[in-house]
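Asker: Before anything else, here's the structure in question.
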Amino acid sequence: NVNGTPLDGVACRHNRLAIHKDQRRLVPEDVWVHFQKTYGISTYFSHSDEICLKCKRDYDGERHKVNRKRQMRLSEKQRHKDNVYFIPRNKSTKTTFIMVGSGWLYRWRRYVDHPGASEPGMMDTDSLWCEHGALAHSPDPFHPIYKELRFSPDVGLIPEQDYLALMRQHGALKHKGVLKVTLKRHPDCHRFSTKQRYEYTLPAPICEGCMQIRQNQRHERLLNFENEPIYISRVKDYLASGMYYDAREVKYQCSNYCTIGELRLVILQYWGISPYSQQLHYRDSILPNDGDLTLRQCGIIANTRIEFQEVVG
Ligand SMILES: [Zn+2]
Ligand SMILES: [Zn+2]
């Protein structure tokens with residue numbers, strides 16, 4: 001090291017012996033005398049010197065803080081992880097739930113599951129209201145707007161008990177009040193059904209207009225993608241027992257301006273089927289034959305699947 005001296009990593013900023021051992025080596029005294037002359041330094045340390053107490057105190061304090069944070073994170077995970085989920089996990093419909101944004105839920109789950117993740121920040125209830133004083137989101141996965149766009153709700157419901165504990169921990173923006181929700185099993189839904197459906201008693205009506213706008217914006221964000229996968233697979237036959245898939249699938253990295261024609265060429269390349277004999281399906285509908293249409297124009301979003309069938313051209 002041209003600019004360094006033999007004391008780099010050995011002396012601390014208080015000019016005492018640094019606490020980490022890995023940067024220092026013992027050298028014989030005559031070698032050291034040579035170093036002192038060469039680099040013009042007067043300080044030296046011997047093997048019997050104590051490490052810097054100020055540095056040690058700082059270091060222990062820092063380690064204590066890290067340990068305490070880790071403990072808090074783990075106890076938070078243990079106490080709440082089973083209840084804090086995007087859909088109500090607590091089976092009892094007698095529980096009062098609190099509505100929170102799904103962005104916060106994602107951040108919280110990442111925080112408790114990944115040691116390096118940052119804290120989720122404050123829960124933000126205020127942003128769940130629209131400008132007309134109504135709710136801008138529905139917690140119901142069966143809401144027709146979610147159904148149409150194949151979205152899961154962008155708000156989650158967590159039991160009030162868990163909410164109160166997490167609010168003490170992380171804080172909340174709730175000038176417009178806490179959004180309490182109660183549930184009742186939907187009359188069409190059997191209590192042992194795997195997909196539970198509920199009726200929701202909400203603290204305010206849902207503004208359908210604002211909800212439509214926000215979900216369209218969400219959809220719009222998904223329609224714009226760059227270098228993300230689209231999966232292509234072949235539906236070989238429709239059997240009485242259901243669909244039969246060709247085991248092969250192609251994971252094709254592309255962007256929203258990739259064309260249908262480009263996908264047809266990928267199919268030709270992998271399956272050897274002429275573009276004229278391909279019928280492409282996306283989410284229950286047949287894609288148009290026009291090869292110049294882009295994925296965006298066809299409403300195709302990243303990480304979804306396009307299926308094709310060989311038809312007589
Ligand atoms: Zn020091
Ligand atoms: Zn509104």
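Order determines the names: the first chain of the structure tokens is A, the second B, and so forth; residues in each chain are numbered 1 upward, and ligands are numbered 1 upward as they are shown.
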Show me which residues line ligand 1, defined as having an atom within 10 Å of a ligand atom where only C-alpha atoms and all ligand atoms count, and present them as a PyMOL selection string.

Answerer: chain A and resi 11-19+51-59

Asker: Based on the selection just made, write N, CA and C atoms of those residues as a compact mmCIF listing (two decimals), in the first residue's frame.

Answerer:
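This is the output file again_0.txt:
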# COMPACT_ATOMS: atom_id res chain seq x y z
N ALA A 11 -3.67 0.86 14.86
CA ALA A 11 -4.07 1.93 15.77
C ALA A 11 -5.50 2.36 15.46
N CYS A 12 -6.27 2.74 16.49
CA CYS A 12 -7.64 3.21 16.28
C CYS A 12 -7.62 4.72 16.10
N ARG A 13 -8.82 5.31 15.96
CA ARG A 13 -8.88 6.76 15.76
C ARG A 13 -8.47 7.52 17.03
N HIS A 14 -8.42 6.83 18.18
CA HIS A 14 -7.94 7.46 19.40
C HIS A 14 -6.43 7.25 19.56
N ASN A 15 -5.80 6.71 18.53
CA ASN A 15 -4.37 6.39 18.55
C ASN A 15 -4.01 5.36 19.62
N ARG A 16 -4.93 4.48 19.91
CA ARG A 16 -4.69 3.34 20.82
C ARG A 16 -4.77 2.07 19.99
N LEU A 17 -4.55 0.93 20.65
CA LEU A 17 -4.57 -0.34 19.92
C LEU A 17 -6.01 -0.67 19.51
N ALA A 18 -6.22 -0.88 18.19
CA ALA A 18 -7.56 -1.15 17.68
C ALA A 18 -8.07 -2.50 18.19
N ILE A 19 -9.42 -2.66 18.22
CA ILE A 19 -9.98 -3.85 18.86
C ILE A 19 -9.92 -5.09 17.97
N ILE A 51 -6.30 -3.30 24.41
CA ILE A 51 -7.01 -2.65 23.31
C ILE A 51 -7.69 -1.38 23.82
N CYS A 52 -8.03 -0.48 22.91
CA CYS A 52 -8.63 0.82 23.26
C CYS A 52 -9.99 0.60 23.95
N LEU A 53 -10.13 1.16 25.17
CA LEU A 53 -11.36 0.95 25.92
C LEU A 53 -12.54 1.72 25.32
N LYS A 54 -12.25 2.92 24.78
CA LYS A 54 -13.34 3.70 24.16
C LYS A 54 -13.92 2.94 22.98
N CYS A 55 -13.00 2.40 22.14
CA CYS A 55 -13.47 1.64 20.98
C CYS A 55 -14.25 0.41 21.41
N LYS A 56 -13.75 -0.23 22.47
CA LYS A 56 -14.41 -1.46 22.92
C LYS A 56 -15.83 -1.15 23.40
N ARG A 57 -15.97 -0.01 24.13
CA ARG A 57 -17.29 0.37 24.63
C ARG A 57 -18.24 0.64 23.46
N ASP A 58 -17.74 1.39 22.46
CA ASP A 58 -18.57 1.67 21.27
C ASP A 58 -18.99 0.38 20.59
N TYR A 59 -18.02 -0.50 20.44
CA TYR A 59 -18.28 -1.75 19.73
C TYR A 59 -19.29 -2.61 20.47

Asker: Could you produce a table of the residues of chain A lying within 8 Å of ligand 2, with the nearest pair of atoms per residue and their separation in Å rounded to one decimal, using only C-alpha atoms and all ligand atoms, ordered by chain and increasing residue number, as CSV?

Answerer:
residue,atom,partner,partner_atom_place_in_ligand_line,distance
A:Trp129,CA,ligand 2,1 (Zn),7.8
A:Cys130,CA,ligand 2,1 (Zn),4.6
A:Glu131,CA,ligand 2,1 (Zn),5.4
A:His132,CA,ligand 2,1 (Zn),4.4
A:Gly133,CA,ligand 2,1 (Zn),6.8
A:Ala134,CA,ligand 2,1 (Zn),5.9
A:Leu135,CA,ligand 2,1 (Zn),7.1
A:Ala136,CA,ligand 2,1 (Zn),6.3
A:Ile206,CA,ligand 2,1 (Zn),7.9
A:Cys207,CA,ligand 2,1 (Zn),4.6
A:Glu208,CA,ligand 2,1 (Zn),7.1
A:Gly209,CA,ligand 2,1 (Zn),6.0
A:Cys210,CA,ligand 2,1 (Zn),4.4
A:Met211,CA,ligand 2,1 (Zn),7.3

Asker: Would you work out the distance separating CA of Arg218 in chain A from CA of Pro144 in chain A, expressed in Å to one decimal?

Answerer: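 One can read the CA of Arg218 in chain A to CA of Pro144 in chain A distance as 15.4 Å.
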
Asker: Smallest atom-to-atom distance to Ile230 in chain A: which of A:Gln269, A:Thr95, A:Asn303, A:Gln297, using only C-alpha atoms?

Answerer: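 For Ile230 in chain A, the nearest of the given residues is A:Asn303.
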
Asker: May I ask for the distance between CA of Phe142 in chain A and CA of Lys94 in chain A, given in Å to one decimal place?

Answerer: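 For CA of Phe142 in chain A relative to CA of Lys94 in chain A, the distance reads 20.8 Å.
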
Asker: In terms of the shortest atom-to-atom distance over only C-alpha atoms, which of A:Thr43, A:Thr294, A:Thr125, A:Asn83 is closest to Gly177 in chain A?

Answerer: A:Thr125

Asker: Which is closest to Leu268 in chain A among A:Tyr146, A:Phe308, A:Tyr231, A:Tyr44, if we use only C-alpha atoms?

Answerer: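 When distances to Leu268 in chain A are compared using only C-alpha atoms, the smallest one comes from A:Phe308.
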
Asker: Quick check, in Å to one decimal: how far apart do CA of Pro141 in chain A and CA of Pro153 in chain A lie?

Answerer: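 Those two atoms sit 5.6 Å apart.
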
Asker: Write out as a VMD selection string all residues of range 23-233 of chain A that backbone DSSP assigns to helix (DSSP H, G or I).

Answerer: chain A and resid 23 29 to 39 53 to 80 102 to 113 126 to 128 144 to 149 160 to 170 208 to 223

Asker: Between A:His281, A:Arg264, A:Arg150, A:Arg25, which one has atoms that come closest to Val235 in chain A, using only C-alpha atoms?

Answerer: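 When distances to Val235 in chain A are compared using only C-alpha atoms, the smallest one comes from A:His281.
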
Asker: Given only C-alpha atoms as the basis, pick out the residue of A:Val311, A:Leu166, A:Leu74, A:Leu179 nearest to Pro115 in chain A.

Answerer: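 Of the candidates, the smallest distance to Pro115 in chain A is held by A:Leu74.
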
Asker: Using only C-alpha atoms, which protein or nucleic acid residues come within 10 Å of Ser46 in chain A? Drop anything in the same chain fewer than 3 positions from it, and give the result as a CSV table (one decimal) with all heavy atoms, in the first residue's frame.

Answerer:
chain,number,residue,atom,x,y,z
A,17,LEU,N,-4.5,0.9,20.7
A,17,LEU,CA,-4.6,-0.3,19.9
A,17,LEU,C,-6.0,-0.7,19.5
A,17,LEU,O,-6.9,-0.7,20.3
A,17,LEU,CB,-4.0,-1.5,20.8
A,17,LEU,CG,-3.7,-2.8,20.1
A,17,LEU,CD1,-2.8,-2.6,19.0
A,17,LEU,CD2,-3.2,-3.8,21.1
A,26,LEU,N,2.6,-9.4,14.6
A,26,LEU,CA,3.8,-9.1,15.4
A,26,LEU,C,5.0,-9.1,14.6
A,26,LEU,O,5.2,-10.0,13.7
A,26,LEU,CB,3.9,-10.1,16.6
A,26,LEU,CG,3.0,-9.9,17.8
A,26,LEU,CD1,3.1,-11.1,18.7
A,26,LEU,CD2,3.3,-8.6,18.5
A,27,VAL,N,5.9,-8.1,14.7
A,27,VAL,CA,7.2,-8.1,14.0
A,27,VAL,C,8.3,-8.0,15.0
A,27,VAL,O,8.1,-7.4,16.1
A,27,VAL,CB,7.3,-7.0,12.9
A,27,VAL,CG1,6.3,-7.2,11.8
A,27,VAL,CG2,7.1,-5.6,13.5
A,29,GLU,N,11.6,-6.6,17.0
A,29,GLU,CA,11.8,-5.2,17.4
A,29,GLU,C,12.7,-4.5,16.3
A,29,GLU,O,12.5,-3.4,15.9
A,29,GLU,CB,12.5,-5.1,18.7
A,29,GLU,CG,12.3,-3.8,19.4
A,29,GLU,CD,12.7,-3.7,20.8
A,29,GLU,OE1,13.0,-4.8,21.4
A,29,GLU,OE2,12.8,-2.6,21.4
A,49,ASP,N,0.1,-4.7,25.1
A,49,ASP,CA,-0.8,-3.6,25.2
A,49,ASP,C,-2.3,-4.0,25.3
A,49,ASP,O,-2.7,-4.9,24.6
A,49,ASP,CB,-0.6,-2.6,24.1
A,49,ASP,CG,0.7,-1.8,24.3
A,49,ASP,OD1,1.1,-1.7,25.4
A,49,ASP,OD2,1.2,-1.2,23.2
A,50,GLU,N,-3.1,-3.2,26.0
A,50,GLU,CA,-4.5,-3.4,26.1
A,50,GLU,C,-5.2,-2.7,24.9
A,50,GLU,O,-4.7,-1.7,24.4
A,50,GLU,CB,-5.1,-2.7,27.4
A,50,GLU,CG,-4.6,-3.3,28.7
A,50,GLU,CD,-5.4,-4.6,29.1
A,50,GLU,OE1,-6.4,-4.9,28.4
A,50,GLU,OE2,-5.0,-5.2,30.0

Asker: Could you go through range 98-211 of chain A and tell me which residues DSSP, when run on the backbone, assigns to strand (DSSP E or B), listing them as JSON, numbers by chain?

Answerer: {"A": [98, 99, 100, 101, 123, 124, 129, 135, 155, 156, 157, 158, 159, 172, 173, 180, 181, 182, 183, 184, 185, 198, 199, 200, 201, 206]}

Asker: Those same residues - N, CA and C atoms - I'd like them written as a PDB file, in the first residue's frame.

Answerer:
ATOM      1  N   ILE A  98     -58.471  -4.989  11.302  1.00  0.00           N
ATOM      2  CA  ILE A  98     -58.091  -3.638  10.909  1.00  0.00           C
ATOM      3  C   ILE A  98     -57.531  -3.705   9.485  1.00  0.00           C
ATOM      4  N   MET A  99     -57.976  -2.767   8.662  1.00  0.00           N
ATOM      5  CA  MET A  99     -57.542  -2.748   7.270  1.00  0.00           C
ATOM      6  C   MET A  99     -56.216  -2.004   7.147  1.00  0.00           C
ATOM      7  N   VAL A 100     -55.233  -2.638   6.513  1.00  0.00           N
ATOM      8  CA  VAL A 100     -53.944  -1.964   6.248  1.00  0.00           C
ATOM      9  C   VAL A 100     -53.551  -2.196   4.791  1.00  0.00           C
ATOM     10  N   GLY A 101     -52.731  -1.315   4.276  1.00  0.00           N
ATOM     11  CA  GLY A 101     -52.289  -1.441   2.879  1.00  0.00           C
ATOM     12  C   GLY A 101     -51.412  -2.677   2.691  1.00  0.00           C
ATOM     13  N   MET A 123     -47.482   2.143   9.503  1.00  0.00           N
ATOM     14  CA  MET A 123     -48.664   1.690   8.775  1.00  0.00           C
ATOM     15  C   MET A 123     -49.422   2.937   8.335  1.00  0.00           C
ATOM     16  N   ASP A 124     -49.928   2.938   7.138  1.00  0.00           N
ATOM     17  CA  ASP A 124     -50.587   4.131   6.625  1.00  0.00           C
ATOM     18  C   ASP A 124     -52.046   3.846   6.293  1.00  0.00           C
ATOM     19  N   TRP A 129     -58.104   5.929   2.175  1.00  0.00           N
ATOM     20  CA  TRP A 129     -59.310   6.712   1.905  1.00  0.00           C
ATOM     21  C   TRP A 129     -59.164   7.410   0.557  1.00  0.00           C
ATOM     22  N   LEU A 135     -63.819   4.722   0.997  1.00  0.00           N
ATOM     23  CA  LEU A 135     -62.662   3.831   0.908  1.00  0.00           C
ATOM     24  C   LEU A 135     -62.262   3.623  -0.556  1.00  0.00           C
ATOM     25  N   VAL A 155     -55.380  -4.353  -0.109  1.00  0.00           N
ATOM     26  CA  VAL A 155     -55.417  -4.094   1.331  1.00  0.00           C
ATOM     27  C   VAL A 155     -55.529  -5.438   2.038  1.00  0.00           C
ATOM     28  N   GLY A 156     -55.011  -5.489   3.242  1.00  0.00           N
ATOM     29  CA  GLY A 156     -55.097  -6.713   4.020  1.00  0.00           C
ATOM     30  C   GLY A 156     -55.854  -6.457   5.311  1.00  0.00           C
ATOM     31  N   LEU A 157     -56.343  -7.525   5.930  1.00  0.00           N
ATOM     32  CA  LEU A 157     -57.039  -7.396   7.204  1.00  0.00           C
ATOM     33  C   LEU A 157     -56.244  -8.139   8.275  1.00  0.00           C
ATOM     34  N   ILE A 158     -55.884  -7.434   9.334  1.00  0.00           N
ATOM     35  CA  ILE A 158     -55.189  -8.126  10.414  1.00  0.00           C
ATOM     36  C   ILE A 158     -55.972  -7.971  11.717  1.00  0.00           C
ATOM     37  N   PRO A 159     -55.962  -8.986  12.572  1.00  0.00           N
ATOM     38  CA  PRO A 159     -56.751  -8.912  13.816  1.00  0.00           C
ATOM     39  C   PRO A 159     -56.349  -7.687  14.647  1.00  0.00           C
ATOM     40  N   ALA A 172     -48.259   4.523  13.216  1.00  0.00           N
ATOM     41  CA  ALA A 172     -49.284   4.494  12.175  1.00  0.00           C
ATOM     42  C   ALA A 172     -49.734   5.900  11.829  1.00  0.00           C
ATOM     43  N   LEU A 173     -49.996   6.133  10.551  1.00  0.00           N
ATOM     44  CA  LEU A 173     -50.604   7.380  10.096  1.00  0.00           C
ATOM     45  C   LEU A 173     -52.104   7.134  10.051  1.00  0.00           C
ATOM     46  N   LYS A 180     -61.887  -0.256  11.109  1.00  0.00           N
ATOM     47  CA  LYS A 180     -62.299  -1.531  11.704  1.00  0.00           C
ATOM     48  C   LYS A 180     -63.264  -2.261  10.777  1.00  0.00           C
ATOM     49  N   VAL A 181     -63.031  -3.548  10.622  1.00  0.00           N
ATOM     50  CA  VAL A 181     -63.862  -4.356   9.726  1.00  0.00           C
ATOM     51  C   VAL A 181     -64.296  -5.614  10.466  1.00  0.00           C
ATOM     52  N   THR A 182     -65.573  -5.967  10.348  1.00  0.00           N
ATOM     53  CA  THR A 182     -66.000  -7.263  10.887  1.00  0.00           C
ATOM     54  C   THR A 182     -66.475  -8.154   9.744  1.00  0.00           C
ATOM     55  N   LEU A 183     -66.361  -9.458   9.972  1.00  0.00           N
ATOM     56  CA  LEU A 183     -66.660 -10.410   8.910  1.00  0.00           C
ATOM     57  C   LEU A 183     -67.821 -11.316   9.295  1.00  0.00           C
ATOM     58  N   LYS A 184     -68.536 -11.759   8.267  1.00  0.00           N
ATOM     59  CA  LYS A 184     -69.563 -12.769   8.453  1.00  0.00           C
ATOM     60  C   LYS A 184     -69.404 -13.737   7.283  1.00  0.00           C
ATOM     61  N   ARG A 185     -69.545 -15.023   7.540  1.00  0.00           N
ATOM     62  CA  ARG A 185     -69.382 -15.957   6.427  1.00  0.00           C
ATOM     63  C   ARG A 185     -70.445 -15.686   5.356  1.00  0.00           C
ATOM     64  N   TYR A 198     -66.358 -14.157   2.622  1.00  0.00           N
ATOM     65  CA  TYR A 198     -67.001 -13.438   3.717  1.00  0.00           C
ATOM     66  C   TYR A 198     -67.825 -12.269   3.210  1.00  0.00           C
ATOM     67  N   GLU A 199     -68.710 -11.814   4.109  1.00  0.00           N
ATOM     68  CA  GLU A 199     -69.351 -10.516   3.903  1.00  0.00           C
ATOM     69  C   GLU A 199     -68.679  -9.547   4.862  1.00  0.00           C
ATOM     70  N   TYR A 200     -68.423  -8.343   4.393  1.00  0.00           N
ATOM     71  CA  TYR A 200     -67.614  -7.408   5.175  1.00  0.00           C
ATOM     72  C   TYR A 200     -68.461  -6.247   5.660  1.00  0.00           C
ATOM     73  N   THR A 201     -68.350  -5.933   6.956  1.00  0.00           N
ATOM     74  CA  THR A 201     -68.958  -4.708   7.450  1.00  0.00           C
ATOM     75  C   THR A 201     -67.855  -3.676   7.556  1.00  0.00           C
ATOM     76  N   ILE A 206     -67.375   1.901  -0.036  1.00  0.00           N
ATOM     77  CA  ILE A 206     -66.265   1.889  -0.992  1.00  0.00           C
ATOM     78  C   ILE A 206     -66.615   2.818  -2.142  1.00  0.00           C
TER      79      ILE A 206
END

Asker: I'd like to know which of A:Gln217, A:Ser277, A:Gln169, A:Thr304 is closest to Cys254 in chain A, using only C-alpha atoms.

Answerer: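 Under the stated criterion, the closest residue is A:Thr304.
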